[in-house]
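Colleague: Next up is a structure, given as structure tokens.
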Amino acid sequence: MRIAFAIVKLFPGGGLQRDCLALARLVSARGAAVEILTAERAAGDYADGLAVTELPVAARTNHGRQAAFSAGIAAAARDFDAVVGFNKIAGLDLLYCADPSIAARMAGAPWLALLPRYRAFRTLEGAAFAPGARTRLLLLARPQAEAYRAAWGTEAERIAVLPPTIASARRQPE
């Protein structure tokens, strides 16, 4: 099975990036061919032999890069059996979502709809969370899941809340 892991920015220090790499290693160890697709990769050998491909993305803003990356993932998806995303974009089979809902935030501050950044991020979020979307959703907390359901009317059967886990190397105190 060929599985793409899609993340806009890949670098060694971010929590979402650590989760992406850990899950990619786990899936690879279970026999799947894993390729990480990204728009931007920091230098270094933190991917530990995993295949990493940078998709060409030409945009000057973060929301523009994310929208362009989403289009690139949609085009690349046909080469894979499944696409797992770590950012809210279109064309995902599964979304590992650690972020709060943009739509919920905009509902509480309607003036945000005046900003192109928020309109773009809301559109990308809708590709995964809107009713009828095919993306399965992995969320990190029950309140997060409730906020997305309230904002989008997302079907409960598409949402799974993961149990809390903290890597032993990240626990404080040791």
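Chain labels follow the order of the structure tokens: the first chain is A, the next B, and so on; residue numbering restarts at 1 in every chain, and ligands are counted from 1 in their shown order.
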Pick out the residues sitting within 7 Å of region 63-77 of chain A, and hand them over as a PyMOL selection string; count only C-alpha atoms, and ignore anything fewer than 2 positions along from it in its own chain.
Modeller: chain A and resi 8+39+55+57-61+79-80+83+89-91+117+120-121
Colleague: Could you go through chain A and tell me which residues DSSP, when run on the backbone, assigns to helix (DSSP H, G or I), listing them as a VMD selection string?
Modeller: chain A and resid 15 to 29 62 to 79 102 to 108 110 to 114 116 to 129 142 to 152 156 to 158 168 to 170
Colleague: If we count only C-alpha atoms, what is near Arg158 (chain A) at a cut-off of 6 Å, once residues fewer than 3 positions away on the same chain are taken out, given as a VMD selection string?
Modeller: chain A and resid 136 to 137 155
Colleague: Take CA of Arg149 (chain A) and CA of Gly132 (chain A) and report the distance between them in Å, one decimal.
Modeller: 12.8 Å
Colleague: Just the residues within 12 Å of Val27 (chain A), please, counting only C-alpha atoms, with nothing from its chain fewer than 3 positions along; format it as a tab-separated table (two decimals) with N, CA, C and O atoms, in the first residue's frame.
Modeller:
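Saved to part-v8.tsv:
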```tsv
chain	number	residue	atom	x	y	z
A	1	MET	N	0.85	-1.17	0.00
A	1	MET	CA	0.00	0.00	0.00
A	1	MET	C	0.89	1.23	0.00
A	1	MET	O	1.85	1.31	0.76
A	2	ARG	N	0.57	2.22	-0.83
A	2	ARG	CA	1.31	3.48	-0.89
A	2	ARG	C	0.50	4.56	-0.18
A	2	ARG	O	-0.64	4.81	-0.54
A	3	ILE	N	1.12	5.18	0.81
A	3	ILE	CA	0.44	6.19	1.61
A	3	ILE	C	1.25	7.48	1.59
A	3	ILE	O	2.46	7.47	1.86
A	4	ALA	N	0.58	8.58	1.28
A	4	ALA	CA	1.20	9.90	1.32
A	4	ALA	C	0.85	10.57	2.63
A	4	ALA	O	-0.30	10.51	3.08
A	5	PHE	N	1.85	11.18	3.25
A	5	PHE	CA	1.65	12.01	4.43
A	5	PHE	C	1.89	13.45	3.98
A	5	PHE	O	2.97	13.76	3.49
A	20	CYS	N	3.78	13.78	12.67
A	20	CYS	CA	3.80	13.31	11.28
A	20	CYS	C	4.91	12.30	11.06
A	20	CYS	O	4.69	11.21	10.52
A	21	LEU	N	6.12	12.64	11.50
A	21	LEU	CA	7.26	11.74	11.31
A	21	LEU	C	7.08	10.44	12.10
A	21	LEU	O	7.37	9.35	11.59
A	22	ALA	N	6.59	10.52	13.33
A	22	ALA	CA	6.39	9.32	14.15
A	22	ALA	C	5.35	8.40	13.51
A	22	ALA	O	5.55	7.18	13.44
A	23	LEU	N	4.25	8.96	13.05
A	23	LEU	CA	3.22	8.14	12.41
A	23	LEU	C	3.70	7.58	11.08
A	23	LEU	O	3.41	6.42	10.75
A	24	ALA	N	4.47	8.35	10.32
A	24	ALA	CA	5.02	7.86	9.06
A	24	ALA	C	5.96	6.68	9.32
A	24	ALA	O	5.93	5.68	8.60
A	30	ARG	N	5.12	-1.03	9.44
A	30	ARG	CA	4.07	-2.05	9.26
A	30	ARG	C	3.94	-2.48	7.81
A	30	ARG	O	3.01	-3.21	7.46
A	31	GLY	N	4.86	-2.02	6.95
A	31	GLY	CA	4.93	-2.54	5.59
A	31	GLY	C	4.41	-1.66	4.48
A	31	GLY	O	4.51	-2.02	3.31
A	32	ALA	N	3.87	-0.49	4.80
A	32	ALA	CA	3.37	0.39	3.74
A	32	ALA	C	4.52	1.22	3.17
A	32	ALA	O	5.49	1.51	3.87
A	33	ALA	N	4.40	1.57	1.91
A	33	ALA	CA	5.35	2.50	1.29
A	33	ALA	C	4.86	3.90	1.62
A	33	ALA	O	3.79	4.30	1.19
A	34	VAL	N	5.66	4.63	2.39
A	34	VAL	CA	5.26	5.95	2.87
A	34	VAL	C	6.11	7.02	2.20
A	34	VAL	O	7.32	6.88	2.09
A	35	GLU	N	5.44	8.08	1.77
A	35	GLU	CA	6.15	9.24	1.22
A	35	GLU	C	5.56	10.49	1.86
A	35	GLU	O	4.33	10.65	1.88
A	36	ILE	N	6.41	11.33	2.39
A	36	ILE	CA	5.96	12.59	2.98
A	36	ILE	C	6.02	13.66	1.89
A	36	ILE	O	7.06	13.86	1.26
A	50	LEU	N	13.00	8.26	5.62
A	50	LEU	CA	11.67	8.31	5.00
A	50	LEU	C	11.77	9.11	3.70
A	50	LEU	O	12.52	10.09	3.62
A	82	ALA	N	-3.79	6.13	-0.25
A	82	ALA	CA	-4.40	6.97	0.78
A	82	ALA	C	-3.53	8.19	1.01
A	82	ALA	O	-2.31	8.13	0.85
A	84	VAL	N	-2.86	11.04	4.00
A	84	VAL	CA	-3.05	11.45	5.38
A	84	VAL	C	-2.51	12.86	5.51
A	84	VAL	O	-1.35	13.11	5.19
```
Colleague: Per DSSP on the backbone, what are the strand (DSSP E or B) residues of region 11-169 of chain A, as number ranges by chain?
Modeller: A: 33-41, 51-54, 82-85, 94-97, 136-139, 159-161
Colleague: Work out how far CA of Leu115 (chain A) is from CA of Trp152 (chain A), in Å to one decimal.
Modeller: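 Interatomic distance, CA of Trp152 (chain A) to CA of Leu115 (chain A): 19.9 Å.
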